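Undergrad: My structure is in protein.cif, and what it holds is mmCIF, C-alpha atoms:
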```
data_run
loop_
_atom_site.label_atom_id
_atom_site.label_comp_id
_atom_site.auth_asym_id
_atom_site.auth_seq_id
_atom_site.Cartn_x
_atom_site.Cartn_y
_atom_site.Cartn_z
CA MET A 244 0.00 0.00 0.00
CA ALA A 245 1.38 3.40 -0.92
CA ALA A 246 1.92 5.97 1.83
CA ILE A 247 -0.93 8.45 2.40
CA THR A 248 -0.28 12.20 2.61
CA LEU A 249 -1.74 13.31 5.93
CA THR A 250 -3.30 16.72 6.53
CA SER A 251 -5.44 18.28 9.23
CA GLU A 252 -8.41 17.37 7.05
CA ASN A 253 -7.85 13.62 6.81
CA PHE A 254 -5.84 12.99 10.00
CA GLU A 255 -8.81 12.03 12.13
CA ALA A 256 -10.31 9.66 9.59
CA GLU A 257 -7.05 8.12 8.35
CA VAL A 258 -5.15 7.92 11.63
CA LEU A 259 -7.22 8.40 14.76
CA LYS A 260 -10.21 6.36 13.53
CA SER A 261 -8.23 3.78 11.61
CA ASP A 262 -9.08 0.11 12.22
CA ILE A 263 -5.45 -0.85 11.74
CA PRO A 264 -2.23 0.67 13.17
CA VAL A 265 -0.82 3.68 11.32
CA LEU A 266 2.86 4.55 11.06
CA VAL A 267 3.13 8.34 10.72
CA ASP A 268 6.33 9.85 9.34
CA PHE A 269 6.72 13.47 10.51
CA TRP A 270 9.12 15.11 8.05
CA ALA A 271 10.08 18.28 6.18
CA PRO A 272 11.57 18.78 2.73
CA TRP A 273 14.56 20.77 4.04
CA CYS A 274 15.62 18.03 6.46
CA GLY A 275 18.32 15.76 4.95
CA PRO A 276 17.82 12.80 7.30
CA CYS A 277 14.06 12.99 6.62
CA ARG A 278 14.69 12.69 2.89
CA MET A 279 16.92 9.66 3.56
CA LEU A 280 14.34 8.00 5.79
CA GLY A 281 11.40 8.81 3.46
CA PRO A 282 12.15 6.16 0.81
CA ILE A 283 12.71 3.54 3.54
CA VAL A 284 9.32 4.32 5.09
CA GLU A 285 7.71 4.22 1.65
CA GLN A 286 9.34 0.86 0.98
CA VAL A 287 7.97 -0.50 4.26
CA ALA A 288 4.57 0.86 3.21
CA GLU A 289 4.77 -0.90 -0.17
CA GLU A 290 5.72 -4.15 1.50
CA ALA A 291 2.99 -3.91 4.14
CA GLY A 292 0.47 -6.62 3.54
CA GLY A 293 -2.45 -4.60 4.85
CA SER A 294 -1.85 -5.18 8.56
CA PHE A 295 -0.98 -1.50 8.99
CA LYS A 296 -0.78 1.65 6.90
CA VAL A 297 1.72 4.43 6.50
CA GLY A 298 1.12 8.18 6.41
CA LYS A 299 3.48 11.05 5.74
CA LEU A 300 2.97 14.35 7.52
CA ASN A 301 4.86 17.43 6.34
CA VAL A 302 5.48 19.48 9.50
CA ASP A 303 5.86 22.69 7.48
CA ASP A 304 2.39 22.35 5.98
CA GLU A 305 0.80 20.91 9.12
CA GLY A 306 2.37 22.87 11.96
CA GLU A 307 -0.63 22.45 14.26
CA LEU A 308 -0.53 18.67 14.08
CA ALA A 309 3.24 18.69 14.64
CA GLU A 310 2.73 20.84 17.71
CA LYS A 311 -0.13 18.70 18.98
CA TYR A 312 2.11 15.64 18.95
CA HIS A 313 5.06 17.52 20.51
CA ILE A 314 7.33 17.11 17.53
CA MET A 315 10.70 18.63 18.44
CA ASN A 316 12.99 16.47 16.32
CA ILE A 317 12.54 15.20 12.81
CA PRO A 318 12.44 12.75 11.27
CA ALA A 319 10.05 11.32 13.86
CA LEU A 320 8.05 8.15 13.40
CA LYS A 321 4.98 7.52 15.54
CA VAL A 322 2.75 4.47 15.48
CA PHE A 323 -0.91 5.18 16.21
CA LYS A 324 -3.21 2.44 17.42
CA ASP A 325 -6.81 3.07 18.42
CA GLY A 326 -6.21 6.81 18.25
CA ALA A 327 -3.15 6.92 20.49
CA VAL A 328 0.61 6.89 20.01
CA VAL A 329 1.89 3.47 21.08
CA ARG A 330 5.45 3.50 19.71
CA GLU A 331 7.87 6.05 18.37
CA SER A 332 11.38 6.64 17.12
CA ILE A 333 13.44 9.75 16.49
CA GLY A 334 16.06 10.52 13.90
CA MET A 335 17.37 8.39 11.09
CA VAL A 336 16.78 4.70 11.81
CA PRO A 337 17.63 1.60 9.74
CA LYS A 338 14.91 -0.27 7.86
CA ASN A 339 14.74 -3.14 10.34
CA LYS A 340 13.92 -0.64 13.13
CA VAL A 341 11.09 0.78 11.02
CA GLU A 342 9.77 -2.74 10.49
CA GLU A 343 10.01 -3.49 14.22
CA LEU A 344 7.88 -0.43 14.95
CA VAL A 345 4.99 -1.89 13.01
CA LYS A 346 5.36 -5.49 14.13
CA PHE A 347 2.48 -6.40 16.45
CA MET B 19 32.95 -13.25 -3.13
CA HIS B 20 33.66 -9.58 -3.78
CA ASP B 21 37.05 -8.07 -4.50
CA ILE B 22 36.55 -5.28 -2.00
CA ILE B 23 34.16 -4.80 0.89
CA ILE B 24 33.73 -1.24 2.07
CA ILE B 25 32.35 -0.75 5.57
CA GLY B 26 30.34 2.46 5.59
CA ALA B 27 28.63 4.25 2.69
CA GLY B 28 29.44 7.86 3.52
CA THR B 29 31.56 10.16 1.40
CA ALA B 30 34.78 8.15 1.94
CA GLY B 31 33.15 4.78 1.32
CA LEU B 32 31.23 5.84 -1.78
CA SER B 33 34.29 7.61 -3.22
CA ALA B 34 36.33 4.44 -2.64
CA ALA B 35 33.61 2.43 -4.40
CA ILE B 36 33.75 4.70 -7.46
CA TYR B 37 37.53 4.36 -7.76
CA ALA B 38 37.55 0.59 -7.19
CA LEU B 39 34.73 -0.03 -9.67
CA ARG B 40 36.40 2.07 -12.32
CA ALA B 41 39.51 -0.05 -11.76
CA GLY B 42 37.42 -3.09 -12.64
CA LYS B 43 36.95 -4.51 -9.14
CA SER B 44 33.68 -5.77 -7.66
CA VAL B 45 32.51 -3.84 -4.62
CA LEU B 46 30.08 -4.48 -1.78
CA LEU B 47 29.24 -1.63 0.58
CA LEU B 48 27.94 -2.53 4.05
CA GLU B 49 26.06 0.29 5.74
CA GLN B 50 24.29 0.17 9.09
CA LEU B 51 22.05 3.23 8.79
CA SER B 52 21.71 5.08 5.49
CA TYR B 53 24.08 5.95 2.69
CA GLY B 54 25.48 9.47 2.61
CA GLY B 55 26.96 9.65 6.09
CA GLN B 56 27.15 12.82 8.14
CA ILE B 57 26.85 15.21 5.21
CA ILE B 58 23.10 14.58 4.90
CA ASN B 59 22.65 16.81 7.97
CA THR B 60 24.26 19.79 6.26
CA PRO B 61 21.81 22.02 4.41
CA GLU B 62 24.39 23.77 2.24
CA VAL B 63 27.83 22.62 1.18
CA GLU B 64 29.88 25.50 -0.18
CA ASN B 65 33.46 24.27 0.22
CA TYR B 66 33.63 21.28 -2.09
CA PRO B 67 35.93 22.29 -4.96
CA GLY B 68 34.12 22.55 -8.28
CA ILE B 69 30.65 22.72 -6.76
CA LYS B 70 29.61 26.21 -5.75
CA ASN B 71 26.62 25.21 -3.70
CA ILE B 72 24.78 21.96 -3.07
CA SER B 73 22.69 20.52 -0.26
CA GLY B 74 24.30 17.71 1.70
CA PHE B 75 21.41 15.46 0.73
CA ASP B 76 21.87 16.12 -2.99
CA PHE B 77 25.62 15.62 -2.68
CA ALA B 78 25.09 12.24 -0.99
CA GLN B 79 22.43 11.26 -3.51
CA GLY B 80 24.77 12.13 -6.40
CA LEU B 81 27.61 10.07 -4.94
CA TYR B 82 25.29 7.14 -4.33
CA GLU B 83 23.90 7.23 -7.86
CA GLN B 84 27.39 7.51 -9.32
CA ALA B 85 28.59 4.46 -7.36
CA THR B 86 25.54 2.29 -8.04
CA ALA B 87 25.53 3.16 -11.75
CA LEU B 88 29.07 1.75 -11.86
CA GLY B 89 27.84 -1.46 -10.25
CA ALA B 90 28.29 -0.96 -6.51
CA GLU B 91 26.21 -3.27 -4.36
CA LEU B 92 24.90 -1.93 -1.06
CA GLU B 93 23.56 -3.97 1.81
CA TYR B 94 22.24 -2.68 5.11
CA ALA B 95 23.99 -4.51 7.90
CA LYS B 96 25.97 -3.74 11.03
CA VAL B 97 29.49 -5.12 10.81
CA THR B 98 30.58 -6.94 13.96
CA GLY B 99 34.13 -7.92 12.99
CA ILE B 100 36.63 -9.05 10.38
CA THR B 101 38.60 -12.32 10.16
CA ASP B 102 41.91 -12.04 8.33
CA GLY B 103 43.29 -14.65 5.94
CA ALA B 104 44.05 -15.24 2.28
CA GLU B 105 40.38 -14.41 1.93
CA LYS B 106 39.01 -11.99 4.45
CA THR B 107 35.64 -12.52 6.08
CA VAL B 108 33.50 -9.60 7.17
CA HIS B 109 30.97 -10.56 9.83
CA THR B 110 27.66 -8.81 10.28
CA GLU B 111 24.78 -9.36 12.67
CA GLY B 112 23.02 -11.36 9.96
CA LYS B 113 25.61 -13.09 7.83
CA ASP B 114 29.26 -13.30 6.73
CA TYR B 115 30.76 -11.95 3.51
CA SER B 116 34.11 -12.86 1.97
CA CYS B 117 36.42 -10.58 0.03
CA ARG B 118 40.06 -9.97 -0.80
CA ALA B 119 40.46 -6.49 0.69
CA VAL B 120 38.53 -4.38 3.19
CA ILE B 121 38.19 -0.62 3.45
CA ILE B 122 36.99 0.63 6.80
CA ALA B 123 35.07 3.87 6.23
CA THR B 124 32.90 3.96 9.32
CA GLY B 125 33.11 7.71 9.82
CA ALA B 126 32.12 9.23 13.11
CA LYS B 127 28.91 10.06 14.89
CA ASN B 128 27.76 12.82 17.22
CA ARG B 129 29.35 12.73 20.63
CA PRO B 130 26.79 12.74 23.45
CA LEU B 131 27.31 14.68 26.68
CA GLY B 132 26.99 11.49 28.67
CA LEU B 133 24.65 13.02 31.24
CA PRO B 134 21.72 11.30 32.96
CA LYS B 135 18.39 11.78 31.12
CA GLU B 136 20.17 12.75 27.88
CA GLN B 137 18.72 9.79 25.99
CA GLU B 138 15.21 10.14 27.44
CA LEU B 139 15.11 13.83 26.58
CA THR B 140 16.39 13.37 23.02
CA GLY B 141 13.38 14.31 20.94
CA ALA B 142 11.94 16.15 23.94
CA GLY B 143 14.24 19.16 23.82
CA VAL B 144 17.66 17.60 23.36
CA SER B 145 18.88 17.53 19.75
CA TYR B 146 22.07 16.92 17.80
CA CYS B 147 20.86 18.62 14.59
CA ALA B 148 20.01 22.32 14.78
CA THR B 149 19.17 22.55 11.10
CA CYS B 150 16.68 19.67 11.44
CA ASP B 151 15.04 20.70 14.68
CA GLY B 152 15.71 24.41 15.18
CA ALA B 153 12.46 25.55 13.60
CA PHE B 154 10.45 23.77 16.30
CA PHE B 155 11.88 26.18 18.85
CA ARG B 156 10.71 29.37 17.16
CA GLY B 157 10.32 32.15 19.72
CA ARG B 158 11.64 29.99 22.56
CA PRO B 159 14.93 30.01 24.51
CA VAL B 160 17.55 27.42 23.60
CA ALA B 161 21.18 26.56 24.34
CA VAL B 162 23.97 25.32 22.10
CA ASN B 163 26.89 23.40 23.57
CA GLY B 164 30.25 23.39 21.84
CA GLY B 165 32.97 25.63 20.47
CA GLY B 166 33.72 24.38 16.98
CA ASN B 167 32.32 25.40 13.61
CA THR B 168 29.19 23.29 14.01
CA ALA B 169 28.34 24.92 17.35
CA LEU B 170 28.88 28.42 15.95
CA GLU B 171 26.84 27.67 12.82
CA ASP B 172 24.08 26.17 14.95
CA ALA B 173 23.99 29.19 17.26
CA LEU B 174 23.86 31.59 14.31
CA PHE B 175 21.10 29.58 12.64
CA LEU B 176 19.06 29.37 15.86
CA SER B 177 19.50 33.07 16.63
CA ASN B 178 17.27 33.78 13.62
CA TYR B 179 14.35 31.83 15.15
CA CYS B 180 14.75 31.65 18.88
CA SER B 181 14.04 34.26 21.56
CA LYS B 182 17.38 33.57 23.23
CA VAL B 183 20.43 31.48 22.42
CA TYR B 184 22.96 30.57 25.10
CA LEU B 185 26.22 29.37 23.60
CA ILE B 186 27.90 27.20 26.22
CA HIS B 187 31.56 26.31 25.76
CA ARG B 188 34.06 24.77 28.14
CA ARG B 189 36.90 27.08 27.08
CA ASP B 190 37.18 30.87 26.90
CA ALA B 191 37.82 30.93 23.14
CA PHE B 192 36.11 29.20 20.21
CA ARG B 193 37.80 26.69 17.97
CA GLY B 194 35.48 27.59 15.10
CA GLU B 195 35.87 30.36 12.53
CA ALA B 196 36.56 33.80 14.00
CA LYS B 197 34.21 35.39 11.47
CA GLN B 198 31.26 33.46 12.83
CA ALA B 199 32.13 34.21 16.44
CA GLU B 200 32.14 37.93 15.53
CA GLN B 201 28.74 37.62 13.86
CA LEU B 202 27.38 35.96 16.99
CA LYS B 203 28.77 38.68 19.24
CA ALA B 204 26.75 41.23 17.30
CA LYS B 205 23.47 39.36 17.92
CA GLU B 206 21.39 40.77 20.73
CA ASN B 207 19.71 37.49 21.59
CA VAL B 208 22.92 35.48 21.86
CA GLU B 209 24.71 35.11 25.19
CA PHE B 210 28.09 33.42 25.56
CA VAL B 211 28.48 31.18 28.60
CA LEU B 212 32.19 30.42 28.54
CA ASN B 213 34.47 28.33 30.72
CA ALA B 214 31.39 26.36 31.62
CA THR B 215 30.19 22.80 31.28
CA ILE B 216 26.68 21.44 31.38
CA THR B 217 26.38 19.32 34.49
CA GLU B 218 22.66 18.57 34.61
CA LEU B 219 19.64 18.35 32.35
CA VAL B 220 16.42 19.46 34.01
CA GLY B 221 12.98 18.27 32.95
CA GLU B 222 10.69 15.29 33.25
CA GLU B 223 8.66 14.83 30.05
CA GLU B 224 10.45 17.65 28.25
CA LEU B 225 13.62 19.65 28.82
CA SER B 226 13.00 22.78 30.86
CA ALA B 227 16.51 23.93 31.83
CA VAL B 228 20.18 23.07 31.88
CA ILE B 229 22.51 23.59 34.81
CA VAL B 230 25.96 24.86 33.92
CA THR B 231 28.95 24.87 36.20
CA ASP B 232 31.70 27.47 35.89
CA LYS B 233 35.00 25.66 35.52
CA GLN B 234 36.94 28.14 37.60
CA SER B 235 34.62 29.19 40.40
CA GLY B 236 32.55 26.01 40.50
CA GLU B 237 29.48 28.25 40.61
CA LYS B 238 26.27 26.73 39.23
CA ARG B 239 23.76 28.59 37.11
CA GLU B 240 20.40 27.38 35.85
CA LEU B 241 19.49 28.41 32.32
CA ALA B 242 15.80 28.02 31.48
CA VAL B 243 15.71 26.60 27.95
CA ASP B 244 13.28 24.50 25.93
CA GLY B 245 15.94 23.18 23.61
CA LEU B 246 19.55 22.05 23.89
CA PHE B 247 21.63 21.51 20.75
CA ILE B 248 24.71 19.41 21.40
CA ALA B 249 27.64 20.07 19.05
CA ILE B 250 30.66 18.90 21.00
CA GLY B 251 32.21 16.97 18.17
CA GLN B 252 32.27 13.46 16.86
CA MET B 253 33.34 10.07 18.04
CA PRO B 254 34.36 7.07 15.96
CA ASP B 255 32.99 3.54 16.26
CA ASN B 256 35.79 1.10 15.42
CA ALA B 257 35.89 -1.26 18.39
CA ALA B 258 34.81 -4.16 16.14
CA PHE B 259 38.14 -3.96 14.27
CA ALA B 260 40.48 -3.63 17.28
CA SER B 261 42.01 -7.09 16.80
CA LEU B 262 43.31 -6.26 13.30
CA VAL B 263 44.00 -2.52 13.33
CA ASP B 264 45.50 -0.16 15.88
CA LEU B 265 43.17 2.39 17.43
CA ASP B 266 44.34 5.66 18.94
CA PRO B 267 43.12 6.62 22.45
CA ALA B 268 40.06 8.35 20.96
CA GLY B 269 39.16 5.25 18.94
CA TYR B 270 40.28 6.36 15.47
CA VAL B 271 41.99 3.78 13.22
CA VAL B 272 45.72 4.46 13.10
CA ALA B 273 46.70 4.91 9.45
CA ALA B 274 48.75 7.50 7.59
CA GLU B 275 47.93 9.32 4.35
CA ASP B 276 48.35 6.01 2.49
CA CYS B 277 45.32 4.70 4.45
CA LYS B 278 47.16 1.47 5.29
CA THR B 279 46.47 -0.16 8.65
CA ARG B 280 48.79 -2.61 10.35
CA THR B 281 47.04 -5.53 8.59
CA GLU B 282 47.77 -6.02 4.91
CA GLY B 283 44.72 -5.61 2.73
CA ILE B 284 42.78 -3.64 5.35
CA TYR B 285 42.57 0.11 4.82
CA ALA B 286 40.99 3.01 6.70
CA ALA B 287 39.45 5.96 4.86
CA GLY B 288 37.68 9.14 5.88
CA ASP B 289 36.73 10.46 9.31
CA CYS B 290 37.39 7.10 11.02
CA ARG B 291 41.13 7.46 10.33
CA THR B 292 43.63 9.37 12.48
CA LYS B 293 44.01 12.78 10.80
CA THR B 294 43.79 16.46 11.57
CA VAL B 295 41.33 17.70 8.94
CA ARG B 296 37.97 15.96 8.64
CA GLN B 297 36.16 17.46 5.67
CA LEU B 298 34.23 16.21 2.63
CA THR B 299 37.30 16.73 0.45
CA THR B 300 39.59 14.76 2.76
CA ALA B 301 37.04 11.95 3.00
CA ALA B 302 36.76 11.76 -0.80
CA ALA B 303 40.56 11.89 -1.12
CA ASP B 304 40.97 9.03 1.35
CA GLY B 305 38.41 7.02 -0.59
CA ALA B 306 40.49 7.29 -3.76
CA VAL B 307 43.77 6.52 -1.99
CA ALA B 308 42.39 3.51 -0.09
CA ALA B 309 40.62 2.09 -3.15
CA LEU B 310 43.70 2.28 -5.36
CA ALA B 311 45.87 0.79 -2.60
CA ALA B 312 43.36 -2.06 -2.25
CA CYS B 313 43.37 -2.60 -6.04
CA ALA B 314 47.18 -2.77 -6.02
CA TYR B 315 47.11 -5.24 -3.12
CA ILE B 316 44.64 -7.53 -4.91
CA GLY B 317 46.66 -7.27 -8.11
#
```
What would the structure in this file look like if it were written as C-alpha cells?
TA:
Amino acid sequence: MAAITLTSENFEAEVLKSDIPVLVDFWAPWCGPCRMLGPIVEQVAEEAGGSFKVGKLNVDDEGELAEKYHIMNIPALKVFKDGAVVRESIGMVPKNKVEELVKF
Amino acid sequence: MHDIIIIGAGTAGLSAAIYALRAGKSVLLLEQLSYGGQIINTPEVENYPGIKNISGFDFAQGLYEQATALGAELEYAKVTGITDGAEKTVHTEGKDYSCRAVIIATGAKNRPLGLPKEQELTGAGVSYCATCDGAFFRGRPVAVNGGGNTALEDALFLSNYCSKVYLIHRRDAFRGEAKQAEQLKAKENVEFVLNATITELVGEEELSAVIVTDKQSGEKRELAVDGLFIAIGQMPDNAAFASLVDLDPAGYVVAAEDCKTRTEGIYAAGDCRTKTVRQLTTAAADGAVAALAACAYIG
C-alpha cells in the first residue's frame, strides 16, 4: 500500500479512527535525514500486507498537528493504534527498526 | 565473493567504491544506517571544490547514484568484525561476507554529553541537529553546547528563530571560525556562557533547563531553555576492528595518508582514520587513496 499524505483534514479519519495501526512519518523537505528516511518508510509501506498503513505528515504544511504531537525532532516516526501513540522513534533509523515499529 | 568490501557508505566509502569499480573490481558496501553519512545533515555545502553550492542530501544522492551506476552493491547490515586470511571474512549481525580487501570507512557520529536523562530527553528538547530541529523552537529560549564550527553555525542559525540562544563552551575561546564568532557577538539574543560545562539536564517529560557549572569558580547557574543543541564533536565507532588494526586513544583507526592499517589488505578511509582535517574533500581523497591501494594489493 502506498503511503498516504496526511493533513489536518484527513488525519482524524485516516489515523485516529483507523481500524489498523498507522505509522506516521513526521518530516520536512529541508531536512536531509528525513529525505533519507522517506524512501525507507515508503518501501515498508509498499511491503505492508495490509496489517498496517503508513502516512506522511509534512510538519511545514501541518504545523498544528506537529505541535499537537510535541514534535521537536525530525524525522520522527509515531505508530498510532486506536487513536493513540503506542510506539515512536526519532532521527534516522535503519529499515529493520522501522519494520520493528509496526510489528504487532 | 567480492574483490573489495567497504564498511560504511558515507563520502569516503562511496568515493572508494567509485575508484575501485572504475579499476574493474567488484565492490560491496555494508552500511548500518543510510548511505550518505554525516553530510546529509548539512543544508548547504559550499566548500567542495568545483561545486559552488549543493545541499548535503543532494551531494550524498549524487555520490550514491554515481557508485551504483558503476555497479556498486549496497547492503544494510551492522558489521561486527573481520577475520583475516588469504580471503578476508566480514561478519555482520546477519551473515558473513568474503572478500580480498577491506576498506573501513565507518566515519564518526555525534558525541553525546553522557549526562543522565540525555537519551530520554532526546526528541523532547535535546537535539544533535540544529538545522533539522531548530524551527520547532521558534520564539523559545535554547542553548547550544560546543565551540567548533558546528556549534557556531548552529547558534547563528538558531538566533534567527529563537528568543534567546545561550552558547555554552568549556573554554574561553572558540575553535570555530573567527568570522562566525564575531557575527554571533553582534546578535542581541545570543549570550556566551564560557568556561562552563553542562552538568545537569532538568525536565521530566520535556527539557526545561540546563545547569551549567563554571569551571573556575565552581558556581552553578540554571538556564531556562526548551531546547539544547549538542555540538561537542564526533566520536568514531571502530571497536569491532580492534584485533586487526591499531586504534588511537580516541578510537580512530591508526593509518597514515596512504590509508594502510597494520594488517595487509585492510585500509581506513575518511573520518574514522587518524588525521587532523575531517572534511568532505579529505574523505573523498581518502576514498580514492584507499581504493587504489586495495586494487594494487589484490593485483
Undergrad: Report as a PyMOL selection string the set of chain B residues whose atoms approach chain A to within 7 Å, with distances computed over only C-alpha atoms.
TA: chain B and resi 50-52+58-59+75+141-143+145+150-151+154
Undergrad: Give me the result of the PyMOL selection byres ((chain B and resi 210) around 7) on this file, residue by residue, as an MDAnalysis selection string.
TA: chainID B and resid 184:186 208:209 211:212
Undergrad: Next, write the just-selected residues to a file, as a PDB file, in the frame of the given file, keeping C-alpha atoms as the atom set.
TA:
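Written out: part_1.pdb:
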```pdb
ATOM      1  CA  TYR B 184      22.960  30.570  25.100  1.00  0.00           C
ATOM      2  CA  LEU B 185      26.220  29.370  23.600  1.00  0.00           C
ATOM      3  CA  ILE B 186      27.900  27.200  26.220  1.00  0.00           C
ATOM      4  CA  VAL B 208      22.920  35.480  21.860  1.00  0.00           C
ATOM      5  CA  GLU B 209      24.710  35.110  25.190  1.00  0.00           C
ATOM      6  CA  VAL B 211      28.480  31.180  28.600  1.00  0.00           C
ATOM      7  CA  LEU B 212      32.190  30.420  28.540  1.00  0.00           C
TER       8      LEU B 212
END
```
Undergrad: Work out how far apart atom CA of A:Phe323 and atom CA of B:Gln137 are and give it in Å to one decimal.
TA: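 Separating atom CA of A:Phe323 from atom CA of B:Gln137 is a distance of 22.4 Å.
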Undergrad: Could you list, as number ranges by chain, every residue matched by the PyMOL selection byres ((chain A and resi 295) around 8) in this structure?
TA: A: 263-266, 291-294, 296-297, 345
Undergrad: On this file, the PyMOL selection byres ((chain A and resi 324) around 9) gives some set of residues; write that set as a PyMOL selection string.
TA: chain A and resi 258-265+322-323+325-329
Undergrad: Could you check the closest approach to B:Gly164 for each of B:Pro267, B:Gly103, B:Gly251, B:Pro134 and tell me which residue wins, using only C-alpha atoms?
TA: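 Closest candidate: B:Gly251.
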Undergrad: Go through B:Asp244, B:Glu171, B:Glu218, B:Glu49 one by one, measure the shortest atom-to-atom distance of each to B:Val144 using all atoms listed in the file, and give the residue with the smallest value.
TA: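 The shortest atom-to-atom distance to B:Val144 comes from B:Asp244.
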Undergrad: Provide the atom CA of B:Lys293 to atom CA of B:Gln84 distance in Å, to one decimal place.
TA: 26.6 Å
Undergrad: What is the atom CA of A:Pro282 to atom CA of A:Asp304 distance in Å?
TA: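 Computing the Euclidean distance for atom CA of A:Pro282 and atom CA of A:Asp304 yields 19.6 Å.
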Undergrad: I'd like to know which of B:Ser33, B:Gln198, B:Ser261, B:Thr292 is closest to B:Asp276, using all atoms listed in the file.
TA: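 That would be B:Thr292, the residue with the smallest distance to B:Asp276.
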Undergrad: Smallest atom-to-atom distance to A:Thr248: which of A:Val267, A:Val287, A:Leu308, A:Leu320, using all atoms listed in the file?
TA: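 Once distances to A:Thr248 are computed over all atoms listed in the file, the minimum belongs to A:Val267.
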Undergrad: Which neighbours of B:Ala191 fall inside 10 Å, counting all atoms listed in the file, when residues of the same chain fewer than 5 positions from it are skipped, and could you give them as a list of chain:residue names?
TA: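 Surrounding residues, per the criterion: B:Gly165, B:Gly166, B:Ala196, B:Ala199, B:Leu212, B:Asn213.
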Undergrad: Would you pick out the contacts of B:Val108 at 12 Å or less, using all atoms listed in the file, so that residues sharing its chain but fewer than 5 positions from it are not included, and give the list as a PyMOL selection string?
TA: chain B and resi 19-20+22-25+46-48+95-103+113-122+258-259+284
Undergrad: Taking into account only C-alpha atoms, which residue in the set A:Tyr312, A:Glu331, A:Leu300, A:Ala288 is nearest to A:Asn253?
TA: A:Leu300
Undergrad: Which polymer residues have any atom within 7 Å of an atom of stretch 36-45 of chain B, counting all atoms listed in the file, with same-chain residues fewer than 6 positions away left out, as an mmCIF file with C-alpha atoms, keeping the file's coordinate frame?
TA:
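Writing the result to part-v4.cif gives the following:
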```cif
data_model
loop_
_atom_site.group_PDB
_atom_site.id
_atom_site.type_symbol
_atom_site.label_atom_id
_atom_site.label_comp_id
_atom_site.auth_asym_id
_atom_site.auth_seq_id
_atom_site.Cartn_x
_atom_site.Cartn_y
_atom_site.Cartn_z
ATOM 1 C CA HIS B 20 33.660 -9.580 -3.780
ATOM 2 C CA ASP B 21 37.050 -8.070 -4.500
ATOM 3 C CA ILE B 22 36.550 -5.280 -2.000
ATOM 4 C CA ILE B 23 34.160 -4.800 0.890
ATOM 5 C CA ALA B 85 28.590 4.460 -7.360
ATOM 6 C CA LEU B 88 29.070 1.750 -11.860
ATOM 7 C CA ALA B 90 28.290 -0.960 -6.510
ATOM 8 C CA GLU B 91 26.210 -3.270 -4.360
ATOM 9 C CA ALA B 306 40.490 7.290 -3.760
ATOM 10 C CA ALA B 309 40.620 2.090 -3.150
ATOM 11 C CA LEU B 310 43.700 2.280 -5.360
ATOM 12 C CA CYS B 313 43.370 -2.600 -6.040
#
```
Undergrad: Near B:Lys135, counting only C-alpha atoms, which residues have an atom at most 10 Å away, once you skip same-chain residues fewer than 2 positions from it, shown as a list of chain:residue names?
TA: B:Gly132, B:Leu133, B:Gln137, B:Glu138, B:Leu139, B:Thr140, B:Val144, B:Glu218, B:Leu219, B:Val220, B:Gly221, B:Glu222, B:Leu225
Undergrad: Skip A:Glu289 itself and residues of its chain fewer than 3 positions away, then list as a list of chain:residue names all residues within 8 Å of it, counting all atoms listed in the file.
TA: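 Here the answer would be A:Met244, A:Ala245, A:Ala246, A:Glu285, A:Gln286.
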Undergrad: Quick one: of B:Arg291, B:Lys106, B:Lys278, B:Arg188, who's nearest to B:Asp266, counting only C-alpha atoms?
TA: B:Arg291
